[in-house]
Structures are given as structure tokens and as C-alpha cells.
$ cat protein_28.txt   # compact mmCIF, C-alpha atoms and all ligand atoms
# COMPACT_ATOMS: atom_id res chain seq x y z
CA MET A 1 102.73 73.85 125.07
CA MET A 2 105.18 76.15 126.76
CA THR A 3 103.87 78.92 128.98
CA PRO A 4 105.61 81.99 130.38
CA SER A 5 105.79 80.34 133.81
CA ASP A 6 107.26 77.14 132.38
CA PRO A 7 110.83 76.66 133.60
CA GLU A 8 111.66 75.52 130.05
CA THR A 9 111.29 79.08 128.80
CA GLY A 10 113.35 80.38 131.72
CA ALA A 11 112.11 83.74 132.96
CA ALA A 12 114.85 86.26 133.72
CA SER A 13 115.54 86.86 137.41
CA PRO A 14 112.84 89.21 138.73
CA ASP A 15 115.27 91.76 140.21
CA ALA A 16 117.54 91.98 137.14
CA GLU A 17 117.30 95.38 135.42
CA PRO A 18 115.57 94.82 132.04
CA THR A 19 117.97 95.59 129.21
CA ASP A 20 117.21 97.87 126.29
CA VAL A 21 115.76 96.29 123.17
CA GLY A 22 116.22 97.21 119.51
CA VAL A 23 113.84 96.11 116.76
CA ALA A 24 114.99 95.42 113.20
CA ILE A 25 112.14 95.34 110.68
CA PRO A 26 112.84 94.10 107.16
CA ALA A 27 110.18 95.72 104.97
CA ALA A 28 112.09 96.18 101.72
CA GLY A 29 110.73 93.25 99.73
CA ILE A 30 109.05 93.63 96.34
CA GLY A 31 106.01 91.48 97.14
CA SER A 32 106.29 89.27 94.07
CA ARG A 33 103.71 86.78 95.44
CA MET A 34 101.38 89.72 96.14
CA GLY A 35 101.39 90.75 92.47
CA ARG A 36 104.50 92.91 92.91
CA ARG A 37 102.92 95.21 95.46
CA LYS A 38 105.04 96.45 98.36
CA LYS A 39 103.24 94.87 101.28
CA ALA A 40 104.34 97.40 103.90
CA PHE A 41 102.16 100.06 102.31
CA LEU A 42 98.99 98.04 101.72
CA GLU A 43 96.13 98.81 104.11
CA LEU A 44 95.11 96.82 107.17
CA GLY A 45 92.30 98.14 109.35
CA GLY A 46 92.42 101.42 107.45
CA GLU A 47 96.12 102.07 108.15
CA PRO A 48 99.35 101.11 106.37
CA LEU A 49 100.19 97.50 107.18
CA LEU A 50 103.68 98.46 108.36
CA ARG A 51 102.16 100.87 110.86
CA ARG A 52 100.04 98.04 112.29
CA THR A 53 103.16 95.89 112.57
CA LEU A 54 104.94 98.65 114.50
CA GLU A 55 102.18 99.19 117.11
CA PRO A 56 103.06 96.51 119.71
CA PHE A 57 106.76 97.39 119.48
CA LEU A 58 106.11 101.13 119.91
CA ALA A 59 103.94 100.32 122.94
CA HIS A 60 106.73 98.26 124.54
CA ASP A 61 108.64 100.15 127.23
CA ARG A 62 111.90 98.23 126.71
CA VAL A 63 112.14 99.21 123.03
CA VAL A 64 114.64 102.08 122.66
CA SER A 65 115.33 101.87 118.93
CA ILE A 66 113.58 100.62 115.79
CA ALA A 67 115.30 100.37 112.39
CA ILE A 68 113.18 99.68 109.34
CA ALA A 69 114.68 98.49 106.05
CA LEU A 70 112.60 100.10 103.30
CA PRO A 71 112.72 99.74 99.51
CA ALA A 72 115.40 102.09 98.15
CA GLU A 73 112.87 104.59 96.69
CA GLU A 74 110.97 104.87 99.99
CA SER A 75 114.06 105.05 102.20
CA GLY A 76 115.13 108.25 100.41
CA ARG A 77 111.71 109.81 100.88
CA PRO A 78 109.72 107.88 103.50
CA PRO A 79 105.95 108.37 103.65
CA GLY A 80 104.76 111.25 105.85
CA TRP A 81 102.95 109.02 108.35
CA LEU A 82 106.23 107.28 109.15
CA VAL A 83 108.44 110.37 109.43
CA GLY A 84 106.60 111.83 112.40
CA LEU A 85 105.48 108.60 114.02
CA ASP A 86 108.01 108.10 116.84
CA PRO A 87 111.51 109.43 117.62
CA ARG A 88 112.81 105.87 118.22
CA ILE A 89 112.27 105.01 114.53
CA ARG A 90 114.97 105.30 111.86
CA TRP A 91 114.97 103.86 108.36
CA VAL A 92 117.60 102.51 106.01
CA ALA A 93 117.66 101.21 102.45
CA GLY A 94 117.08 97.46 102.26
CA GLY A 95 119.09 95.08 100.11
CA VAL A 96 118.58 92.50 97.40
CA THR A 97 117.73 89.69 99.84
CA ARG A 98 116.01 89.67 103.23
CA LEU A 99 119.38 88.87 104.79
CA HIS A 100 120.92 92.07 103.38
CA SER A 101 117.92 94.08 104.58
CA VAL A 102 118.13 92.64 108.10
CA ARG A 103 121.85 93.33 108.21
CA ALA A 104 121.27 96.96 107.20
CA ALA A 105 118.63 97.33 109.93
CA ILE A 106 120.53 95.68 112.78
CA THR A 107 123.64 97.74 112.12
CA ALA A 108 121.54 100.93 112.16
CA LEU A 109 120.10 100.28 115.62
CA ASP A 110 121.08 102.30 118.67
CA VAL A 111 124.07 100.62 120.33
CA ARG A 112 122.33 100.76 123.72
CA ALA A 113 120.11 97.89 122.60
CA GLU A 114 121.55 94.73 124.14
CA VAL A 115 118.85 92.48 122.73
CA ILE A 116 117.64 92.65 119.14
CA LEU A 117 114.25 91.54 117.88
CA VAL A 118 114.00 90.83 114.17
CA HIS A 119 110.44 90.98 112.88
CA ASP A 120 108.98 90.81 109.37
CA GLY A 121 107.29 94.03 108.30
CA ALA A 122 104.64 91.80 106.70
CA ARG A 123 103.51 90.16 110.02
CA PRO A 124 101.08 92.78 111.32
CA LEU A 125 99.21 90.64 113.88
CA VAL A 126 102.12 90.01 116.28
CA SER A 127 101.22 90.52 119.93
CA ARG A 128 102.94 91.77 123.09
CA GLU A 129 102.75 88.25 124.55
CA ILE A 130 104.69 86.73 121.66
CA ILE A 131 107.30 89.51 121.81
CA ASP A 132 107.79 88.93 125.54
CA ARG A 133 108.15 85.17 125.14
CA CYS A 134 111.04 85.82 122.72
CA LEU A 135 112.64 88.42 124.99
CA ARG A 136 112.60 86.10 128.01
CA VAL A 137 114.85 83.67 126.15
CA ALA A 138 117.18 86.31 124.66
CA ASP A 139 117.56 87.89 128.11
CA ARG A 140 119.45 84.82 129.24
CA GLY A 141 121.83 84.87 126.28
CA GLU A 142 120.12 82.48 123.85
CA GLY A 143 118.32 83.04 120.57
CA ALA A 144 114.54 82.66 120.31
CA VAL A 145 112.25 81.97 117.36
CA ALA A 146 108.49 82.29 117.60
CA GLY A 147 106.76 79.41 115.88
CA TRP A 148 103.83 77.03 115.83
CA PRO A 149 103.73 73.24 115.54
CA SER A 150 102.88 72.08 112.04
CA VAL A 151 99.36 70.63 111.89
CA ASP A 152 100.00 69.17 108.44
CA THR A 153 102.35 66.33 107.66
CA LEU A 154 105.15 67.88 105.62
CA LYS A 155 106.70 66.17 102.61
CA GLU A 156 110.05 66.80 101.02
CA VAL A 157 109.57 66.66 97.26
CA ASP A 158 111.79 67.05 94.20
CA SER A 159 111.07 69.32 91.25
CA ALA A 160 108.96 66.57 89.60
CA GLY A 161 106.73 66.19 92.66
CA GLN A 162 108.27 62.88 93.69
CA ILE A 163 108.16 62.51 97.47
CA LEU A 164 111.64 62.09 98.91
CA ALA A 165 111.02 62.11 102.64
CA THR A 166 108.29 62.36 105.29
CA PRO A 167 109.83 63.88 108.40
CA ARG A 168 108.11 63.12 111.71
CA ARG A 169 105.38 65.76 112.10
CA GLU A 170 105.74 65.99 115.89
CA ALA A 171 109.24 67.42 115.47
CA LEU A 172 108.24 70.10 112.96
CA TRP A 173 107.37 73.69 113.80
CA ARG A 174 106.65 76.52 111.39
CA ALA A 175 109.08 79.33 112.09
CA GLN A 176 107.61 82.82 112.40
CA THR A 177 108.98 86.13 113.62
CA PRO A 178 109.81 87.79 115.98
CA GLN A 179 113.16 86.18 116.54
CA ALA A 180 115.25 87.59 119.39
CA PHE A 181 119.01 87.54 119.96
CA PRO A 182 121.74 89.05 122.14
CA ARG A 183 123.06 91.92 120.04
CA GLN A 184 126.79 91.23 119.75
CA LEU A 185 126.44 87.58 118.82
CA LEU A 186 123.84 88.45 116.18
CA LEU A 187 126.14 91.07 114.64
CA ASP A 188 128.98 88.51 114.60
CA ALA A 189 126.66 85.98 112.97
CA TYR A 190 125.75 88.39 110.17
CA ARG A 191 129.33 89.48 109.57
CA LYS A 192 130.45 85.88 109.31
CA ALA A 193 127.55 84.87 107.06
CA LEU A 194 128.25 87.63 104.57
CA ASP A 195 132.03 86.92 104.68
CA ASP A 196 131.27 83.25 103.97
CA GLY A 197 128.76 84.05 101.23
CA VAL A 198 125.88 82.36 103.09
CA THR A 199 122.54 83.79 102.02
CA ALA A 200 119.84 81.12 101.76
CA THR A 201 118.85 80.85 105.40
CA ASP A 202 117.12 82.66 108.26
CA ASP A 203 118.36 84.75 111.17
CA SER A 204 118.24 81.95 113.71
CA ALA A 205 120.23 79.58 111.49
CA LEU A 206 122.94 82.24 111.11
CA PHE A 207 123.00 82.66 114.88
CA ALA A 208 123.38 78.91 115.33
CA ARG A 209 126.29 78.89 112.82
CA VAL A 210 128.38 80.98 115.23
CA GLY A 211 127.59 78.70 118.15
CA GLY A 212 124.48 80.40 119.52
CA ARG A 213 121.77 78.25 121.07
CA VAL A 214 118.33 78.89 119.64
CA ARG A 215 115.05 77.91 121.21
CA MET A 216 111.57 77.74 119.71
CA VAL A 217 108.93 79.64 121.68
CA GLU A 218 105.20 79.74 121.24
CA GLY A 219 104.02 82.13 118.52
CA ALA A 220 100.44 81.89 117.31
CA PRO A 221 98.61 80.38 114.35
CA TRP A 222 97.21 83.85 113.58
CA ASN A 223 100.68 85.48 113.52
CA LEU A 224 100.63 85.11 109.76
CA LYS A 225 102.94 86.63 107.19
CA VAL A 226 100.93 88.48 104.56
CA THR A 227 102.32 86.80 101.46
CA HIS A 228 99.55 86.14 98.90
CA PRO A 229 96.52 88.39 98.19
CA GLU A 230 94.24 86.00 100.15
CA ASP A 231 96.41 86.48 103.26
CA LEU A 232 95.50 90.14 103.31
CA GLU A 233 91.80 89.26 103.48
CA VAL A 234 92.40 86.76 106.30
CA ALA A 235 94.55 89.29 108.16
CA GLU A 236 91.80 91.91 107.83
CA LEU A 237 89.22 89.52 109.31
CA LEU A 238 91.52 88.56 112.19
CA PHE A 239 92.35 92.19 112.81
CA ARG A 240 88.67 93.14 113.02
CA LEU A 241 87.92 90.19 115.28
CA ARG A 242 90.57 91.37 117.68
CA ASN A 243 90.00 95.11 117.46
CA GLY A 244 86.22 95.25 117.08
CA PRO A 245 84.02 95.89 114.03
CA THR A 246 85.40 99.38 113.33
CA GLY A 247 88.88 97.90 113.39
CA GLY A 248 90.60 101.27 113.49
CA GLU A 249 91.44 101.60 117.17
CA PRO A 250 95.04 100.93 118.12
CA ARG A 251 95.49 98.30 120.79
N1 LIG B 1 112.29 91.68 102.83
C1 LIG B 1 113.26 92.69 102.85
N2 LIG B 1 114.20 92.74 101.87
C2 LIG B 1 114.22 91.83 100.88
C3 LIG B 1 113.25 90.78 100.85
C4 LIG B 1 112.29 90.73 101.84
O1 LIG B 1 113.26 93.52 103.75
N3 LIG B 1 115.15 91.94 99.91
C5 LIG B 1 111.24 91.66 103.86
C6 LIG B 1 109.84 91.80 103.29
O2 LIG B 1 109.55 93.18 103.04
C7 LIG B 1 108.97 91.18 104.36
C8 LIG B 1 109.89 90.15 105.00
O3 LIG B 1 111.22 90.43 104.57
O4 LIG B 1 108.55 92.10 105.34
C9 LIG B 1 109.50 88.73 104.62
O5 LIG B 1 109.68 88.55 103.22
P1 LIG B 1 108.55 88.11 102.19
O6 LIG B 1 107.27 87.82 102.87
O7 LIG B 1 109.16 87.09 101.31
O8 LIG B 1 108.30 89.49 101.38
P2 LIG B 1 108.71 89.83 99.89
O9 LIG B 1 110.07 89.38 99.63
O10 LIG B 1 108.37 91.27 99.67
O11 LIG B 1 107.65 88.95 99.07
P3 LIG B 1 107.96 87.94 97.86
O12 LIG B 1 108.94 86.92 98.39
O13 LIG B 1 106.63 87.38 97.49
O14 LIG B 1 108.57 88.79 96.77
MG MG B 2 110.57 87.23 99.75

$ encode --input "protein_28.txt" --output "C-alpha cells"
Amino acid sequence: MMTPSDPETGAASPDAEPTDVGVAIPAAGIGSRMGRRKKAFLELGGEPLLRRTLEPFLAHDRVVSIAIALPAEESGRPPGWLVGLDPRIRWVAGGVTRLHSVRAAITALDVRAEVILVHDGARPLVSREIIDRCLRVADRGEGAVAGWPSVDTLKEVDSAGQILATPRREALWRAQTPQAFPRQLLLDAYRKALDDGVTATDDSALFARVGGRVRMVEGAPWNLKVTHPEDLEVAELLFRLRNGPTGGEPR
């Protein structure tokens, strides 16, 4: 496993001035696998899930700007708890796909941000340590994706369930967010992807399409994306384990 002191992850030079960071949060999905409930506004530890997601970013002293892509109805009239939460936060209307929502958010960020973190609104358990592992890579001009090695053997199957391929498990990681990128190259990547009509891929693949190098860094098995109703129950248990039985105290 990689560690922050591992030369593989390449810490930035200790006397370099840390650059400003912007955070793009896609939270405009419709939650079809959650029974068509907008996940950002479900509760986790007695607070809106999106608010939990924001906590470690708001607590980070390098973060100067946060842009959240919200469903169109909410972006016109955001909930009260969000409006007064922090002056670094702005919100925009999301788009039909995650890619469109991320694009709307990254273009709304303060231009001072030289590094951009993209993080799913529906991943509320992300930690400071994971964020910093991503930033260390982006600080030296590469892209970073948080992830975790797959414990299961993965199979490629066709629509009839016929197994087509069994890729070597040791080479397979499950991609999570955050993902971190130098700002200008990420903006170029998005512009080119939309010009070329590319949609079915993730942020790091778009970054690689314009020649960016992308590295996998250690996320965590508990950095889950709340996707199905059961995930919300698991997230609640993990949240309480971390934050104590009352669960309501911010970290
Ligand atoms: N997202 C977004 N805009 C979209 C689609 C997704 O901002 N058009 C966001 C979601 O709100 C979520 C993240 O991207 O925070 C990851 O997407 P996913 O977990 O797939 O959420 P949904 O698309 O809402 O869920 P589903 O696919 O089950 O409909
Ligand atoms: Mg989706």
C-alpha cells in the first residue's frame, strides 16, 4: 500500500507555497437507484448528506472555492442550510449527465484555484487524509484518483450473463472520488470531451485523453458512494462508529 511518505506518491517540496484548491461537487443526480430520491438531501447523522460531504472540504485551509452542481429546481432556490453555510460555496444548475454537472461546477470555481478536486456529493465519509493524498499528486502536475484494490475477482459479462473475460484481479482497483487535477488541463479536458461528444467516462479518463498522467492513490473501503437504500444504512453505521453514538458532532 502507498503511504504519504512513500516516494511513489511524491510529496510536494516542503518549502513550496501551497496553491489554492477549488472543489467541484456534482450533486445534481436524480437518485434512480435510491428510488428516485435526491441523495444530497437525505439525512446522515441527523444532517443533510451533502452537508456531511462538505465538512472535510470546508475544514481544509487550502480550499478557497467550492462549486456544487444541484438539481435545477434546487439551484434556483437552494435550501436555507446551504445558503448561509460558508462564503466559499456557490451553486450552479447541474446537467443531464454527471459529466455535464461536473463541467458546470468546475467552470464556476474561483479562478485562483490552481488545483481542482472533483468529489461526488453522494460520498459523505471522505476524510482529510484521502483529500491530502490526492492533492499531493495534483500539486506536482498529475491527476489523482482515490481508489481501493478490488477484493473480488471481476468478470466481464455480456447481456446474457455469458462471461467474456476475467481480468487479473491484482491489477484492478475500484475508482472512488475525490479525484484531483491541475485546473487548466482539466478545463481543457472537459472542453475537448464535449467538443468530441465523449460522455460515457469519468473525470480521470477525460484528463488522460488530453495527455495528462493519472495516478491511483489510496482511498478507503469505507469511502462509499451512497447509491442503493442499503448504502444509506451502512453509511449511517460507519458515521456513528467514527463520530460516536450521538453521531451529530462535526469532525
Ligand atoms: N450527478 C450529477 N449530475 C448528474 C448525475 C449525477 O451531479 N446528471 C452526481 C450525483 O448527484 C452524485 C454523483 O454524481 O453525487 C454520482 O452519481 P450517482 O451516484 O450515479 O448518483 P445519481 O445519478 O443521482 O444516482 P442514479 O445513477 O442511481 O440515478
Ligand atoms: Mg448516476

$ atom_distance --input "protein_28.txt" --atom1 "atom CA of Gly197 of chain A" --atom2 "atom CA of Arg209 of chain A"
12.9 Å

$ residues_around --input "protein_28.txt" --residues "Phe41 of chain A" --least-positions-apart "6" --cutoff "7 Å" --atoms "only C-alpha atoms" --output "list in words"
Pro48, Leu49 and Leu50 of chain A

$ residues_around --input "protein_28.txt" --residues "Glu129 of chain A" --least-positions-apart "3" --cutoff "12 Å" --atoms "all atoms listed in the file" --output "compact mmCIF listing (two decimals) with C-alpha atoms, keeping the file's coordinate frame"
# COMPACT_ATOMS: atom_id res chain seq x y z
CA THR A 3 103.87 78.92 128.98
CA PRO A 4 105.61 81.99 130.38
CA PRO A 56 103.06 96.51 119.71
CA PHE A 57 106.76 97.39 119.48
CA HIS A 60 106.73 98.26 124.54
CA LEU A 125 99.21 90.64 113.88
CA VAL A 126 102.12 90.01 116.28
CA ASP A 132 107.79 88.93 125.54
CA ARG A 133 108.15 85.17 125.14
CA CYS A 134 111.04 85.82 122.72
CA LEU A 135 112.64 88.42 124.99
CA ARG A 136 112.60 86.10 128.01
CA ALA A 146 108.49 82.29 117.60
CA PRO A 178 109.81 87.79 115.98
CA VAL A 217 108.93 79.64 121.68
CA GLU A 218 105.20 79.74 121.24
CA GLY A 219 104.02 82.13 118.52
CA ALA A 220 100.44 81.89 117.31
CA ASN A 223 100.68 85.48 113.52

$ closest_residue --input "protein_28.txt" --among "A:Asp152, A:Asp158, A:Asp120, A:Asp202" --to "ligand LIG 1 (chain B)" --atoms "only C-alpha atoms and all ligand atoms"
A:Asp120

$ residues_near_ligand --input "protein_28.txt" --ligand "ligand MG 2 (chain B)" --cutoff "10 Å" --atoms "all atoms listed in the file" --output "list in words"
Ala27, Ala28, Gly29, Ile30, Gly31, Ser32, Arg33, Val96, Thr97, Arg98 and Thr227 of chain A

$ atom_distance --input "protein_28.txt" --atom1 "atom CA of Ala175 of chain A" --atom2 "atom CA of Lys225 of chain A"
10.7 Å

$ build_atoms --input "protein_28.txt" --residues "segment 95-124 of chain A" --atoms "N, CA and C atoms" --output "PDB file, in the coordinates of the input"
ATOM      1  N   GLY A  95     118.187  95.649 101.110  1.00  0.00           N
ATOM      2  CA  GLY A  95     119.090  95.080 100.110  1.00  0.00           C
ATOM      3  C   GLY A  95     118.379  94.100  99.204  1.00  0.00           C
ATOM      4  N   VAL A  96     119.178  93.392  98.400  1.00  0.00           N
ATOM      5  CA  VAL A  96     118.580  92.500  97.400  1.00  0.00           C
ATOM      6  C   VAL A  96     117.904  91.278  98.016  1.00  0.00           C
ATOM      7  N   THR A  97     118.397  90.809  99.163  1.00  0.00           N
ATOM      8  CA  THR A  97     117.730  89.690  99.840  1.00  0.00           C
ATOM      9  C   THR A  97     117.321  90.153 101.236  1.00  0.00           C
ATOM     10  N   ARG A  98     116.444  89.345 101.867  1.00  0.00           N
ATOM     11  CA  ARG A  98     116.010  89.670 103.230  1.00  0.00           C
ATOM     12  C   ARG A  98     117.217  89.762 104.164  1.00  0.00           C
ATOM     13  N   LEU A  99     118.192  88.873 103.942  1.00  0.00           N
ATOM     14  CA  LEU A  99     119.380  88.870 104.790  1.00  0.00           C
ATOM     15  C   LEU A  99     120.113  90.219 104.740  1.00  0.00           C
ATOM     16  N   HIS A 100     120.254  90.764 103.528  1.00  0.00           N
ATOM     17  CA  HIS A 100     120.920  92.070 103.380  1.00  0.00           C
ATOM     18  C   HIS A 100     120.092  93.159 104.068  1.00  0.00           C
ATOM     19  N   SER A 101     118.778  93.072 103.947  1.00  0.00           N
ATOM     20  CA  SER A 101     117.920  94.080 104.580  1.00  0.00           C
ATOM     21  C   SER A 101     118.028  94.009 106.097  1.00  0.00           C
ATOM     22  N   VAL A 102     118.026  92.786 106.642  1.00  0.00           N
ATOM     23  CA  VAL A 102     118.130  92.640 108.100  1.00  0.00           C
ATOM     24  C   VAL A 102     119.489  93.172 108.555  1.00  0.00           C
ATOM     25  N   ARG A 103     120.529  92.854 107.815  1.00  0.00           N
ATOM     26  CA  ARG A 103     121.850  93.330 108.210  1.00  0.00           C
ATOM     27  C   ARG A 103     121.874  94.871 108.254  1.00  0.00           C
ATOM     28  N   ALA A 104     121.302  95.493 107.229  1.00  0.00           N
ATOM     29  CA  ALA A 104     121.270  96.960 107.200  1.00  0.00           C
ATOM     30  C   ALA A 104     120.515  97.497 108.419  1.00  0.00           C
ATOM     31  N   ALA A 105     119.430  96.838 108.793  1.00  0.00           N
ATOM     32  CA  ALA A 105     118.630  97.330 109.930  1.00  0.00           C
ATOM     33  C   ALA A 105     119.346  97.095 111.254  1.00  0.00           C
ATOM     34  N   ILE A 106     119.917  95.926 111.457  1.00  0.00           N
ATOM     35  CA  ILE A 106     120.530  95.680 112.780  1.00  0.00           C
ATOM     36  C   ILE A 106     121.756  96.564 113.006  1.00  0.00           C
ATOM     37  N   THR A 107     122.473  96.883 111.925  1.00  0.00           N
ATOM     38  CA  THR A 107     123.640  97.740 112.120  1.00  0.00           C
ATOM     39  C   THR A 107     123.243  99.207 112.304  1.00  0.00           C
ATOM     40  N   ALA A 108     122.000  99.544 111.986  1.00  0.00           N
ATOM     41  CA  ALA A 108     121.540 100.930 112.160  1.00  0.00           C
ATOM     42  C   ALA A 108     120.929 101.174 113.532  1.00  0.00           C
ATOM     43  N   LEU A 109     120.745 100.112 114.320  1.00  0.00           N
ATOM     44  CA  LEU A 109     120.100 100.280 115.620  1.00  0.00           C
ATOM     45  C   LEU A 109     120.993 100.981 116.630  1.00  0.00           C
ATOM     46  N   ASP A 110     120.372 101.661 117.556  1.00  0.00           N
ATOM     47  CA  ASP A 110     121.080 102.300 118.670  1.00  0.00           C
ATOM     48  C   ASP A 110     121.911 101.258 119.410  1.00  0.00           C
ATOM     49  N   VAL A 111     123.170 101.593 119.699  1.00  0.00           N
ATOM     50  CA  VAL A 111     124.070 100.620 120.330  1.00  0.00           C
ATOM     51  C   VAL A 111     123.676 100.287 121.774  1.00  0.00           C
ATOM     52  N   ARG A 112     122.780 101.086 122.355  1.00  0.00           N
ATOM     53  CA  ARG A 112     122.330 100.760 123.720  1.00  0.00           C
ATOM     54  C   ARG A 112     121.524  99.470 123.760  1.00  0.00           C
ATOM     55  N   ALA A 113     120.968  99.080 122.625  1.00  0.00           N
ATOM     56  CA  ALA A 113     120.110  97.890 122.600  1.00  0.00           C
ATOM     57  C   ALA A 113     120.962  96.641 122.787  1.00  0.00           C
ATOM     58  N   GLU A 114     120.761  95.940 123.883  1.00  0.00           N
ATOM     59  CA  GLU A 114     121.550  94.730 124.140  1.00  0.00           C
ATOM     60  C   GLU A 114     120.885  93.487 123.580  1.00  0.00           C
ATOM     61  N   VAL A 115     119.593  93.595 123.340  1.00  0.00           N
ATOM     62  CA  VAL A 115     118.850  92.480 122.730  1.00  0.00           C
ATOM     63  C   VAL A 115     118.190  93.020 121.464  1.00  0.00           C
ATOM     64  N   ILE A 116     118.250  92.227 120.401  1.00  0.00           N
ATOM     65  CA  ILE A 116     117.640  92.650 119.140  1.00  0.00           C
ATOM     66  C   ILE A 116     116.506  91.693 118.759  1.00  0.00           C
ATOM     67  N   LEU A 117     115.366  92.286 118.450  1.00  0.00           N
ATOM     68  CA  LEU A 117     114.250  91.540 117.880  1.00  0.00           C
ATOM     69  C   LEU A 117     114.274  91.759 116.384  1.00  0.00           C
ATOM     70  N   VAL A 118     114.156  90.690 115.612  1.00  0.00           N
ATOM     71  CA  VAL A 118     114.000  90.830 114.170  1.00  0.00           C
ATOM     72  C   VAL A 118     112.574  90.419 113.848  1.00  0.00           C
ATOM     73  N   HIS A 119     111.846  91.294 113.164  1.00  0.00           N
ATOM     74  CA  HIS A 119     110.440  90.980 112.880  1.00  0.00           C
ATOM     75  C   HIS A 119     110.059  91.412 111.473  1.00  0.00           C
ATOM     76  N   ASP A 120     109.419  90.513 110.730  1.00  0.00           N
ATOM     77  CA  ASP A 120     108.980  90.810 109.370  1.00  0.00           C
ATOM     78  C   ASP A 120     107.987  91.961 109.342  1.00  0.00           C
ATOM     79  N   GLY A 121     108.257  92.942 108.479  1.00  0.00           N
ATOM     80  CA  GLY A 121     107.290  94.030 108.300  1.00  0.00           C
ATOM     81  C   GLY A 121     105.914  93.503 107.889  1.00  0.00           C
ATOM     82  N   ALA A 122     105.882  92.347 107.254  1.00  0.00           N
ATOM     83  CA  ALA A 122     104.640  91.800 106.700  1.00  0.00           C
ATOM     84  C   ALA A 122     103.890  90.888 107.687  1.00  0.00           C
ATOM     85  N   ARG A 123     104.241  90.946 108.996  1.00  0.00           N
ATOM     86  CA  ARG A 123     103.510  90.160 110.020  1.00  0.00           C
ATOM     87  C   ARG A 123     102.831  91.120 110.993  1.00  0.00           C
ATOM     88  N   PRO A 124     101.685  91.675 110.561  1.00  0.00           N
ATOM     89  CA  PRO A 124     101.080  92.780 111.320  1.00  0.00           C
ATOM     90  C   PRO A 124     100.285  92.356 112.550  1.00  0.00           C
TER      91      PRO A 124
END
